[in-house]
$ cat coords.cif   # mmCIF, C-alpha atoms
data_run
loop_
_atom_site.group_PDB
_atom_site.id
_atom_site.type_symbol
_atom_site.label_atom_id
_atom_site.label_comp_id
_atom_site.auth_asym_id
_atom_site.auth_seq_id
_atom_site.Cartn_x
_atom_site.Cartn_y
_atom_site.Cartn_z
ATOM 1 C CA MET A 1 0.000 0.000 0.000
ATOM 2 C CA VAL A 2 1.327 3.464 -0.926
ATOM 3 C CA SER A 3 1.439 6.055 1.866
ATOM 4 C CA VAL A 4 -0.270 9.432 1.530
ATOM 5 C CA GLY A 5 3.155 11.113 1.464
ATOM 6 C CA PHE A 6 4.313 8.886 -1.386
ATOM 7 C CA GLU A 7 1.125 9.690 -3.320
ATOM 8 C CA GLN A 8 1.914 13.407 -2.958
ATOM 9 C CA VAL A 9 5.436 12.814 -4.285
ATOM 10 C CA GLU A 10 3.987 11.033 -7.312
ATOM 11 C CA ARG A 11 1.338 13.726 -7.946
ATOM 12 C CA ASP A 12 3.980 16.460 -7.740
ATOM 13 C CA LEU A 13 6.363 14.471 -9.947
ATOM 14 C CA TYR A 14 3.707 13.948 -12.604
ATOM 15 C CA LYS A 15 2.949 17.708 -12.679
ATOM 16 C CA TRP A 16 6.687 18.407 -12.967
ATOM 17 C CA PHE A 17 6.984 15.823 -15.771
ATOM 18 C CA ILE A 18 4.085 17.327 -17.776
ATOM 19 C CA ASN A 19 5.465 20.870 -17.405
ATOM 20 C CA SER A 20 8.959 19.717 -18.416
ATOM 21 C CA ARG A 21 7.677 17.930 -21.520
ATOM 22 C CA LEU A 22 5.605 21.000 -22.499
ATOM 23 C CA LYS A 23 8.936 22.840 -22.558
ATOM 24 C CA SER A 24 10.380 20.013 -24.744
ATOM 25 C CA LEU A 25 12.904 19.073 -22.070
ATOM 26 C CA PRO A 26 14.207 15.520 -22.494
ATOM 27 C CA ILE A 27 13.332 13.378 -19.451
ATOM 28 C CA SER A 28 14.965 10.023 -18.730
ATOM 29 C CA GLY A 29 14.421 7.430 -15.994
ATOM 30 C CA PRO A 30 17.317 8.630 -13.809
ATOM 31 C CA ILE A 31 16.064 12.220 -14.124
ATOM 32 C CA LEU A 32 12.592 11.147 -12.932
ATOM 33 C CA GLN A 33 14.143 9.221 -10.036
ATOM 34 C CA THR A 34 16.324 12.174 -9.009
ATOM 35 C CA GLU A 35 13.412 14.617 -9.162
ATOM 36 C CA ALA A 36 11.186 12.223 -7.151
ATOM 37 C CA THR A 37 13.872 11.953 -4.463
ATOM 38 C CA LYS A 38 14.167 15.764 -4.289
ATOM 39 C CA LEU A 39 10.392 16.145 -4.009
ATOM 40 C CA ALA A 40 10.268 13.562 -1.204
ATOM 41 C CA GLU A 41 13.044 15.389 0.668
ATOM 42 C CA ASN A 42 11.196 18.708 0.259
ATOM 43 C CA LEU A 43 8.074 17.082 1.722
ATOM 44 C CA GLY A 44 10.102 15.723 4.660
ATOM 45 C CA ILE A 45 9.661 12.082 3.594
ATOM 46 C CA SER A 46 12.810 10.190 4.494
ATOM 47 C CA ASP A 47 11.779 6.603 3.687
ATOM 48 C CA PHE A 48 10.910 7.180 -0.001
ATOM 49 C CA LYS A 49 13.062 5.188 -2.444
ATOM 50 C CA ALA A 50 12.933 5.981 -6.153
ATOM 51 C CA SER A 51 13.923 2.425 -7.122
ATOM 52 C CA ASN A 52 13.747 0.974 -10.619
ATOM 53 C CA GLY A 53 10.654 -0.999 -9.555
ATOM 54 C CA TRP A 54 9.012 2.209 -8.314
ATOM 55 C CA LEU A 55 9.920 3.930 -11.616
ATOM 56 C CA ASP A 56 8.374 1.102 -13.661
ATOM 57 C CA ARG A 57 5.133 1.310 -11.651
ATOM 58 C CA PHE A 58 5.054 5.136 -11.955
ATOM 59 C CA LYS A 59 5.512 4.969 -15.743
ATOM 60 C CA ARG A 60 2.842 2.276 -16.099
ATOM 61 C CA TRP A 61 0.352 4.194 -13.947
ATOM 62 C CA HIS A 62 0.759 7.378 -16.002
ATOM 63 C CA ASN A 63 1.153 5.681 -19.436
ATOM 64 C CA ILE A 64 4.672 7.042 -19.846
ATOM 65 C CA ILE A 65 6.894 5.361 -22.401
ATOM 66 C CA CYS A 66 10.400 5.815 -23.730
ATOM 67 C CA LYS A 67 10.389 7.176 -27.282
ATOM 68 C CA GLN A 68 12.766 8.559 -29.841
ATOM 69 C CA ILE A 69 13.139 12.298 -30.255
ATOM 70 C CA ASN A 70 12.725 13.066 -33.941
ATOM 71 C CA GLY A 71 15.242 15.294 -35.658
ATOM 72 C CA GLU A 72 12.790 17.747 -37.178
ATOM 73 C CA ALA A 73 13.811 20.728 -35.049
ATOM 74 C CA ASN A 74 16.247 22.052 -37.657
ATOM 75 C CA ASP A 75 13.622 21.781 -40.416
ATOM 76 C CA VAL A 76 11.475 24.600 -38.976
ATOM 77 C CA ASN A 77 11.749 28.227 -39.997
ATOM 78 C CA GLN A 78 12.684 30.265 -36.875
ATOM 79 C CA ASP A 79 10.258 33.085 -37.780
ATOM 80 C CA THR A 80 7.458 30.521 -37.740
ATOM 81 C CA VAL A 81 8.623 29.332 -34.329
ATOM 82 C CA GLU A 82 8.549 32.854 -32.905
ATOM 83 C CA ASN A 83 5.061 33.488 -34.326
ATOM 84 C CA TRP A 84 3.802 30.249 -32.802
ATOM 85 C CA LYS A 85 5.289 31.103 -29.419
ATOM 86 C CA ARG A 86 3.183 34.263 -29.406
ATOM 87 C CA LYS A 87 0.023 32.445 -30.545
ATOM 88 C CA LEU A 88 0.471 29.451 -28.270
ATOM 89 C CA SER A 89 -0.378 31.186 -25.001
ATOM 90 C CA VAL A 90 -3.696 32.303 -26.531
ATOM 91 C CA LEU A 91 -4.459 28.849 -27.983
ATOM 92 C CA ILE A 92 -3.854 26.938 -24.758
ATOM 93 C CA LYS A 93 -5.648 29.415 -22.488
ATOM 94 C CA GLY A 94 -8.353 27.608 -20.539
ATOM 95 C CA TYR A 95 -6.827 24.138 -21.041
ATOM 96 C CA GLU A 96 -5.097 22.178 -18.288
ATOM 97 C CA ALA A 97 -1.750 20.573 -19.197
ATOM 98 C CA LYS A 98 -3.389 17.107 -19.140
ATOM 99 C CA ASP A 99 -5.783 18.257 -21.897
ATOM 100 C CA ILE A 100 -3.126 19.417 -24.367
ATOM 101 C CA TYR A 101 -1.818 16.774 -26.783
ATOM 102 C CA ASN A 102 0.680 16.649 -29.606
ATOM 103 C CA ALA A 103 0.562 13.782 -32.107
ATOM 104 C CA ASP A 104 3.145 12.859 -34.688
ATOM 105 C CA GLU A 105 4.318 9.916 -36.769
ATOM 106 C CA THR A 106 7.672 8.202 -36.595
ATOM 107 C CA GLY A 107 9.312 5.231 -38.267
ATOM 108 C CA VAL A 108 10.491 2.227 -36.289
ATOM 109 C CA PHE A 109 13.822 0.843 -37.413
ATOM 110 C CA PHE A 110 14.863 -2.640 -36.339
ATOM 111 C CA GLN A 111 17.900 -2.736 -33.990
ATOM 112 C CA ARG A 112 18.590 0.981 -34.225
ATOM 113 C CA ASN A 113 19.969 2.661 -31.114
ATOM 114 C CA PRO A 114 17.930 5.909 -30.972
ATOM 115 C CA TYR A 115 18.199 8.867 -28.634
ATOM 116 C CA GLN A 116 15.240 8.383 -26.308
ATOM 117 C CA VAL A 117 13.157 10.248 -23.752
ATOM 118 C CA PHE A 118 10.112 9.476 -21.645
ATOM 119 C CA SER A 119 6.775 10.767 -22.835
ATOM 120 C CA GLU A 120 3.133 10.232 -21.969
ATOM 121 C CA ILE A 121 1.311 8.130 -24.534
ATOM 122 C CA ARG A 122 -2.131 6.831 -25.303
ATOM 123 C CA LYS A 123 -2.665 3.481 -27.030
ATOM 124 C CA PRO A 124 -0.310 3.776 -30.024
ATOM 125 C CA LEU A 125 -1.465 3.438 -33.600
ATOM 126 C CA VAL A 126 0.849 1.073 -35.501
ATOM 127 C CA ILE A 127 0.728 0.728 -39.275
ATOM 128 C CA GLY A 128 2.128 -2.389 -40.903
ATOM 129 C CA LYS A 129 2.176 -3.750 -44.450
ATOM 130 C CA SER A 130 -0.360 -6.560 -44.040
ATOM 131 C CA LEU A 131 -3.632 -7.267 -42.279
ATOM 132 C CA LYS A 132 -2.139 -10.177 -40.337
ATOM 133 C CA PRO A 133 1.676 -10.464 -40.458
ATOM 134 C CA HIS A 134 3.267 -13.890 -39.984
ATOM 135 C CA CYS A 135 4.528 -12.870 -36.547
ATOM 136 C CA PHE A 136 0.888 -12.472 -35.426
ATOM 137 C CA LYS A 137 -0.129 -15.864 -36.872
ATOM 138 C CA ASN A 138 -1.501 -17.295 -33.605
ATOM 139 C CA MET A 139 -2.604 -13.998 -32.062
ATOM 140 C CA ASN A 140 -5.806 -12.016 -31.953
ATOM 141 C CA ILE A 141 -4.673 -8.625 -33.281
ATOM 142 C CA ALA A 142 -7.576 -6.908 -31.487
ATOM 143 C CA LEU A 143 -5.972 -7.889 -28.159
ATOM 144 C CA LEU A 144 -2.638 -6.190 -28.906
ATOM 145 C CA PRO A 145 -1.784 -3.119 -26.772
ATOM 146 C CA VAL A 146 -1.821 -1.062 -29.991
ATOM 147 C CA THR A 147 -4.330 -0.109 -32.663
ATOM 148 C CA TRP A 148 -3.207 -2.072 -35.746
ATOM 149 C CA LYS A 149 -3.773 -0.669 -39.253
ATOM 150 C CA PHE A 150 -2.145 -1.632 -42.519
ATOM 151 C CA ASN A 151 -1.458 -0.541 -46.082
ATOM 152 C CA LYS A 152 1.002 -1.543 -48.796
ATOM 153 C CA LYS A 153 3.709 0.934 -47.731
ATOM 154 C CA ALA A 154 3.005 0.922 -43.958
ATOM 155 C CA TRP A 155 2.463 4.706 -44.122
ATOM 156 C CA MET A 156 -0.033 6.999 -42.483
ATOM 157 C CA THR A 157 -2.891 7.890 -44.822
ATOM 158 C CA ALA A 158 -5.655 10.480 -44.514
ATOM 159 C CA GLU A 159 -8.192 7.649 -44.131
ATOM 160 C CA ILE A 160 -6.274 5.986 -41.267
ATOM 161 C CA MET A 161 -5.697 9.347 -39.611
ATOM 162 C CA GLU A 162 -9.381 10.250 -39.830
ATOM 163 C CA GLN A 163 -10.348 6.896 -38.260
ATOM 164 C CA TRP A 164 -7.863 7.492 -35.439
ATOM 165 C CA LEU A 165 -9.097 11.056 -34.872
ATOM 166 C CA GLN A 166 -12.710 9.843 -34.682
ATOM 167 C CA TYR A 167 -11.662 7.147 -32.173
ATOM 168 C CA PHE A 168 -9.666 9.651 -30.098
ATOM 169 C CA ASN A 169 -12.532 12.161 -30.153
ATOM 170 C CA ALA A 170 -15.025 9.501 -29.009
ATOM 171 C CA ASP A 171 -12.669 8.548 -26.168
ATOM 172 C CA MET A 172 -12.388 12.170 -25.010
ATOM 173 C CA ARG A 173 -16.170 12.691 -25.278
ATOM 174 C CA SER A 174 -16.803 9.577 -23.159
ATOM 175 C CA GLN A 175 -14.658 11.209 -20.449
ATOM 176 C CA ASN A 176 -16.416 14.603 -20.838
ATOM 177 C CA ARG A 177 -13.098 16.172 -21.808
ATOM 178 C CA ASN A 178 -12.415 19.023 -24.212
ATOM 179 C CA ILE A 179 -8.830 18.763 -25.350
ATOM 180 C CA LEU A 180 -6.446 20.596 -27.636
ATOM 181 C CA LEU A 181 -4.632 18.382 -30.160
ATOM 182 C CA PHE A 182 -1.673 19.700 -32.141
ATOM 183 C CA LEU A 183 -0.770 18.060 -35.467
ATOM 184 C CA ASP A 184 1.575 19.256 -38.172
ATOM 185 C CA ASN A 185 0.212 20.091 -41.607
ATOM 186 C CA ALA A 186 1.103 16.800 -43.316
ATOM 187 C CA THR A 187 -1.119 15.853 -46.252
ATOM 188 C CA CYS A 188 -2.206 12.736 -44.355
ATOM 189 C CA HIS A 189 -3.779 14.921 -41.628
ATOM 190 C CA PRO A 190 -7.283 15.693 -42.903
ATOM 191 C CA TYR A 191 -9.472 18.532 -41.708
ATOM 192 C CA ILE A 192 -12.481 17.064 -39.929
ATOM 193 C CA GLU A 193 -15.127 18.486 -37.605
ATOM 194 C CA CYS A 194 -15.210 16.698 -34.260
ATOM 195 C CA LEU A 195 -18.269 17.024 -32.063
ATOM 196 C CA MET A 196 -17.730 17.927 -28.440
#
$ encode --input "coords.cif" --output "structure tokens"
Amino acid sequence: MVSVGFEQVERDLYKWFINSRLKSLPISGPILQTEATKLAENLGISDFKASNGWLDRFKRWHNIICKQINGEANDVNQDTVENWKRKLSVLIKGYEAKDIYNADETGVFFQRNPYQVFSEIRKPLVIGKSLKPHCFKNMNIALLPVTWKFNKKAWMTAEIMEQWLQYFNADMRSQNRNILLFLDNATCHPYIECLM
């Protein structure tokens, strides 16, 4: 059983994590453990241990995964960045940090050693080349911890993206949540009206 003091450490750590990621700061496991230890000390909790087991449970509880940081930062015009910084405070006004999302696509390369950070994630959408790959021969794909889609090139398409957006919108509506979702302007990101 987790003590009330430990729960406060975890609540404070999660807020710190969300704020750090909103600032695009890279967060690793040891950084989370160090910050949790500092928070516990500040709360006067001496028996808190930010062990690897604790870290695994914390990540699972908050749906935090380790993911690759994409190298798109240098592809953006700096004037555009400055304009968005000014607009962003207006756009996010009235939204809590937990209701602001950013979605993007990335490739997965077998046995590559990427630069990684921790990030909050919902059930990932994975796109493969076939409806039922050989590796899933004896599995029910619907029971995978991902949403599985497929097409010949294993790429995101406007149709797949629209299906995912409708699913995500329905999930948020079922929780009575109004959220802000940021997507880039890729051609596979269609404009659709989502009901609140």
$ atom_distance --input "coords.cif" --atom1 "CA of Tyr101 (chain A)" --atom2 "CA of Phe182 (chain A)"
6.1 Å
$ atom_distance --input "coords.cif" --atom1 "CA of Pro133 (chain A)" --atom2 "CA of Lys149 (chain A)"
11.3 Å
$ resolve_selection --input "coords.cif" --expression "the PyMOL selection byres ((chain A and resi 7-18) around 9)" --output "number ranges by chain"
A: 2-6, 19-23, 27, 32, 35-37, 39-40, 43, 45, 48, 58, 62, 97-98, 119-120
$ atom_distance --input "coords.cif" --atom1 "CA of Cys66 (chain A)" --atom2 "CA of Leu165 (chain A)"
23.1 Å
$ residues_around --input "coords.cif" --residues "Leu125 (chain A)" --least-positions-apart "2" --cutoff "8 Å" --atoms "all atoms listed in the file" --output "list in words"
Lys123, Ile127, Val146, Thr147, Trp148, Lys149 and Trp164 of chain A
$ resolve_selection --input "coords.cif" --expression "the PyMOL selection byres ((chain A and resi 188) around 7)" --output "list in words"
Met156, Thr157, Ala158, Met161, Ala186, Thr187, His189 and Pro190 of chain A
$ resolve_selection --input "coords.cif" --expression "the PyMOL selection byres ((chain A and resi 55) around 12)" --output "ChimeraX atom specification"
/A:10,13-14,28-37,49-54,56-65,118
$ axis_aligned_box --input "coords.cif" --around "region 174-191 of chain A" --padding-each-side "4 Å" --output "JSON"
{"center_x": -7.6, "center_y": 15.1, "center_z": -33.4, "size_x": 26.4, "size_y": 19.0, "size_z": 33.8}
